[in-house]
Amino acid sequence: MKADQERSKKRKNMFYYLAQEEAASSFSSIALANQLVNGIGIVGILLLTGLGLAITFGVMRIINLAHGEFIMLGAYVTFVLQSNFNLDLLLTIPFSFLITGAIGALVELTIIRRLYGRPLETLLATWGLSIVLQGVIKLIFTAQLKYVKAPPYISGNLTLLTDEQGSPAIAISYYRLFIVAIALALLALTSYLLNNTDLGRQVRSVTQNRDMSKCLGVNTSLVDMITFAYGCGLAGVAGTVISSLKSVSPPMGQDYLVDAWMTVVTGGVDKLVGVLAGAFLIGQSNAGIAYLLNDPVARVIVLGAVIVLIRYFPEGLFTVQKRS
Amino acid sequence: MNNKNKSVFTEIGRRKFLKYGSLAVGAGVLASCTGGGSSTGDGDLGENPIKVGVMYSTTGTIAIVEKSLQDATFLALEQINTGTGPWEGNGEGIEGRKIQKVVVNPDSNWDLYNQMSKRLIDEDQVTCVLGCYTSASRKSVLPVFEEKDSILYYPVYYEGNECSSNVFYTGAAPNQQITDSIPYCFKNFGPKGFFVGSDYIYPKESNRIAKAELVKAGGKVVGDEYAALGTTEFITIINKIKQAKPDFVLSNLVGDSIPAFYRQYRDAGITSDKVPIMAYPTTEEEILAMGTEYSEGHFTSFNYFQTVETPENKAFVEQFQAKFGKNRVTNGVMEAAYLQTFFMAQAMRDAIKAGKEINTESIREFTRGQTFQAPQGLVKMDPENYHTYLYSRIGRWGADGQAEIVFATPAAVKPIAWSQTLYPGRVCSRPTPDDRSNPIKETGEDLQVVYLDKV
């Protein structure tokens with residue numbers, strides 16, 4: 001009898017818990033909306049980190065495994081300028097673009113240039129380079145985490161919807177929106193440079209037919225250097241902008257390398273808009289699945305999906321029909 | 001003409017490249033070979049130095065933490081060799097014998113910890129090893145130390161559930177960190193806890209114990225989420241926290257994830273006065289990296305904070321900053337790495353005084369029951385379970401990046417290797433050093449908190 005009572009009490013408890021679950025899930029459409037709105041923040045970071053790679057890999061076909069380290073270098077430039085000259089994060093962006101670009105040019109001149117047309121060697125060389133860059137930075141700045149201040153005027157949240165208690169239910173931080181804005185602006189700028197300027201035309205002609213371009217008087221080695229430096233500079237800007245979301249440390253770029261590659265490969269490298277599409281697809285599916293399940297599982301599923309996608313679209317989603 | 005010149009130039013360039021390149025590669029190989037067992041130049045080590053292995057990663061993802069542990073260890077070893085700091089009055093070295101440190105770098109790679117520890121024991125013939133940070137690396141080397149019967153001093157708070165005769169644990173056991181912090185949260189913040197952590201063994205086990213403690217206290221677990229090690233994207237977890245509306249968040253995130261989480265938490269509009277974060281791995285070092293405006297008002301439970309007011313701590317902080325720079329901070333893991341080096345030195349000193357050889361047997365025998373006036377206060381190596389009597393403290397982070405201590409035990413707490421909530425009555429006990437019977441004993445009793453008597 002007593003056991004029965006216990007059991008019914010337990011069952012009641014269970015119902016109570018179920019009811020609680022029920023109550024929680026009624027919010028979930030709003031929470032899911034919040035998740036997707038915030039997913040835009042992930043898309044912004046993917047776009048920003050993938051853009052530099054879209055240049056070095058997409059345009060130049062260089063498998064650059066040191067891409068993450070250029071992001072890291074950009075973050076360190078910001079750290080140095082901020083701690084020594086108390087410079088605002090926004091003002092450090094041009095410096096980190098120029099400095100990482102210059103280092104990129106140097107790398108192109110000394111390493112990449114000797115390895116054109118040999119993707120495997122390039123891969124190994126840039127991998128080695130990434131270890132060297134991490135080591136050098138660690139020697140100079142030690143392995144400790146460094147702190148970069150976010151610009152104080154880009155703080156707070158854009159609230160789209162508040163709940164009954166007046167606290168924000170759907171909100172995205174201004175800094176995330178700022179990242180998206182920077183990423184889109186750089187995408188537009190890059191697209192303009194590539195399609196509407198002489199330099200851009202030269203870059204495209206060199207990628208399409210190096211020998212012919214040379215014959216027509218294009219200084220191909222200069223074009224290569226500028227293009228690679230530009231790609232690295234973009235990575236540097238990404239590093240600067242991201243640095244205030246997390247902390248600055250030598251291995252920080254590694255986190256972004258795989259994501260940037262997935263973005264570029266998914267979107268396809270023939271058109272810059274592919275990077276945007278890749279970033280959107282990966283960022284939002286990651287956010288959505290992570291909400292329903294959890295982060296590590298979402299990552300596995302998205303990575304798996306990218307592999308399947310590459311199986312059927314080896315050139316990515318946005319490709320240009322080419323005559324072979 | 002021009003072309004020819006160029007080709008000649010590149011030819012020379014290539015040859016030079018090959019020459020210097022192979023030189024560089026050769027030097028690298030040489031360095032990595034000797035680097036394994038390299039003992040850094042400590043000047044004259046005199047006759048018959050005692051070899052001690054120091055195994056912390058100074059490269060790779062976990063180097064951020066382990067480098068500071070290495071720094072603290074080096075400071076202690078230097079003080080022992082020069083007879084300064086806490087070693088004053090003992091003369092230089094251990095009864096005249098200096099310590100020769102054999103430093104290896106396992107590159108944040110768990111398999112390398114295993115290989116490096118074999119090398120330290122077999123080839124370098126060290127008497128014992130100071131090292132490891134993550135539970136994954138400890139699990140990786142544990143079989144080596146047990147098989148070869150050598151000693152590891154391990155300075156890190158951990159999830160418990162271990163009872164090895166070959167490891168001296170100088171970081172917190174569950175009952176010196178989790179057992180006090182959860183009732184504190186329950187009482188001061190409210191019953192609903194949301195648990196987050198990095199996705200590997202320590203955070204999962206630690207959270208499992210903490211959740212059980214919360215349920216025992218009458219609270220409710222409203223969420224339990226893990227992020228891949230090194231993740232810096234916390235949109236999803238923070239969104240789930242917002243939805244679950246907890247009274248407090250318990251964080252077992254480690255490394256680079258910590259600053260990212262705290263920053264995005266505040267950016268998402270959750271303030272520390274509404275939903276404070278109680279954390280274990282968040283120390284002075286991470287606070288410095290995230291910026292104090294993000295940490296103010298959050299809590300950490302640890303044995304030691306830089307603000308602990310003891311003369312020993314004042315000296316420790318001063319000496320550490322004098323050696324490594326004014327901008328450096330000290331934290332609980334570093335303090336444990338520091339104090340365990342003195343446990344080791346005292347054990348060696350006592351062994352020599354007793355006329356014994358310095359080997360695994362004597363180090364084990366004499367480390368048992370060793371006491372030390374550490375920066376956190378008087379601590380003692382428990383002679384039966386090889387864990388350390390430590391203080392349990394809770395600190396509230398202030399605007400200056402330092403903790404205001406809001407809770408502290410009156411003395412160091414006797415360690416219990418198993419969470420008493422999950423495994424009531426289970427203890428680890430070895431009555432004698434050479435006892436090889438199963439040390440895991442089920443007492444079936446409700447174990448009381450035991451404090452270390454002041455000497």
# chains A, B, ... in the order shown; residues from 1 in each chain; ligands from 1

$ interface_residues --of "chain A" --to "chain B" --cutoff "9 Å" --atoms "only C-alpha atoms" --output "number ranges by chain"
A: 24, 27-28, 31-32, 34-35, 38-39, 41-42, 134-135, 138, 142-149, 155-157, 167-169, 171-175, 244-252, 255, 287-288, 290-291, 294-296

$ select_by_dssp --residues "stretch 195-225 of chain B" --states "alpha helix (DSSP H)" --output "list in words"
Ile201, Tyr202, Pro203, Lys204, Glu205, Ser206, Asn207, Arg208, Ile209, Ala210, Lys211, Ala212, Glu213, Leu214, Val215, Lys216 and Ala217 of chain B

$ write_last_selection --atoms "N, CA and C atoms" --output "mmCIF file, in the first residue's frame"
data_model
loop_
_atom_site.group_PDB
_atom_site.id
_atom_site.type_symbol
_atom_site.label_atom_id
_atom_site.label_comp_id
_atom_site.auth_asym_id
_atom_site.auth_seq_id
_atom_site.Cartn_x
_atom_site.Cartn_y
_atom_site.Cartn_z
ATOM 1 N N ILE B 201 37.366 15.041 -19.825
ATOM 2 C CA ILE B 201 37.090 14.268 -18.605
ATOM 3 C C ILE B 201 36.903 15.124 -17.358
ATOM 4 N N TYR B 202 37.819 16.083 -17.093
ATOM 5 C CA TYR B 202 37.722 16.807 -15.827
ATOM 6 C C TYR B 202 36.409 17.591 -15.675
ATOM 7 N N PRO B 203 36.042 18.437 -16.662
ATOM 8 C CA PRO B 203 34.807 19.206 -16.464
ATOM 9 C C PRO B 203 33.571 18.330 -16.325
ATOM 10 N N LYS B 204 33.541 17.225 -17.077
ATOM 11 C CA LYS B 204 32.359 16.364 -17.006
ATOM 12 C C LYS B 204 32.246 15.702 -15.638
ATOM 13 N N GLU B 205 33.359 15.174 -15.140
ATOM 14 C CA GLU B 205 33.344 14.513 -13.837
ATOM 15 C C GLU B 205 33.079 15.526 -12.726
ATOM 16 N N SER B 206 33.754 16.675 -12.832
ATOM 17 C CA SER B 206 33.601 17.693 -11.813
ATOM 18 C C SER B 206 32.156 18.187 -11.769
ATOM 19 N N ASN B 207 31.570 18.385 -12.933
ATOM 20 C CA ASN B 207 30.163 18.815 -12.983
ATOM 21 C C ASN B 207 29.230 17.726 -12.464
ATOM 22 N N ARG B 208 29.605 16.462 -12.709
ATOM 23 C CA ARG B 208 28.765 15.361 -12.235
ATOM 24 C C ARG B 208 28.699 15.410 -10.703
ATOM 25 N N ILE B 209 29.847 15.655 -10.076
ATOM 26 C CA ILE B 209 29.884 15.746 -8.619
ATOM 27 C C ILE B 209 29.103 16.978 -8.152
ATOM 28 N N ALA B 210 29.345 18.098 -8.842
ATOM 29 C CA ALA B 210 28.695 19.347 -8.438
ATOM 30 C C ALA B 210 27.173 19.240 -8.563
ATOM 31 N N LYS B 211 26.703 18.576 -9.614
ATOM 32 C CA LYS B 211 25.256 18.413 -9.799
ATOM 33 C C LYS B 211 24.666 17.584 -8.671
ATOM 34 N N ALA B 212 25.392 16.519 -8.309
ATOM 35 C CA ALA B 212 24.916 15.672 -7.212
ATOM 36 C C ALA B 212 24.861 16.469 -5.916
ATOM 37 N N GLU B 213 25.866 17.324 -5.699
ATOM 38 C CA GLU B 213 25.893 18.157 -4.487
ATOM 39 C C GLU B 213 24.702 19.105 -4.460
ATOM 40 N N LEU B 214 24.387 19.667 -5.640
ATOM 41 C CA LEU B 214 23.285 20.625 -5.706
ATOM 42 C C LEU B 214 21.951 19.935 -5.405
ATOM 43 N N VAL B 215 21.767 18.763 -5.994
ATOM 44 C CA VAL B 215 20.528 18.015 -5.759
ATOM 45 C C VAL B 215 20.425 17.649 -4.284
ATOM 46 N N LYS B 216 21.568 17.267 -3.697
ATOM 47 C CA LYS B 216 21.585 16.900 -2.275
ATOM 48 C C LYS B 216 21.204 18.100 -1.402
ATOM 49 N N ALA B 217 21.651 19.287 -1.839
ATOM 50 C CA ALA B 217 21.346 20.493 -1.070
ATOM 51 C C ALA B 217 19.894 20.929 -1.251
#

$ closest_residue --among "B:Val129, B:Cys428, B:Ile358, B:Ile363" --to "B:Tyr154" --atoms "only C-alpha atoms"
B:Val129

$ select_by_dssp --residues "stretch 136-337 of chain B" --states "strand (DSSP E or B)" --output "JSON, numbers by chain"
{"B": [152, 153, 154, 167, 168, 169, 192, 193, 194, 195, 196, 197, 198, 220, 221, 222, 223, 224, 225, 226, 227, 248, 249, 250, 251, 252, 277, 278, 279, 299, 300, 301, 302]}

$ atom_distance --atom1 "atom CA of A:Arg201" --atom2 "atom CA of A:Val59"
11.7 Å

$ residues_around --residues "stretch 335-351 of chain B" --least-positions-apart "5" --cutoff "8 Å" --atoms "only C-alpha atoms" --output "number ranges by chain"
B: 69-70, 72-73, 75-77, 80, 94-95, 130, 153-156, 170-171, 304, 330, 356-358, 362-363, 366-367, 370-372, 374-376

$ residues_around --residues "A:Val206" --least-positions-apart "3" --cutoff "9 Å" --atoms "only C-alpha atoms" --output "PyMOL selection string"
chain A and resi 60+201-203+209-214+218+220+223-224
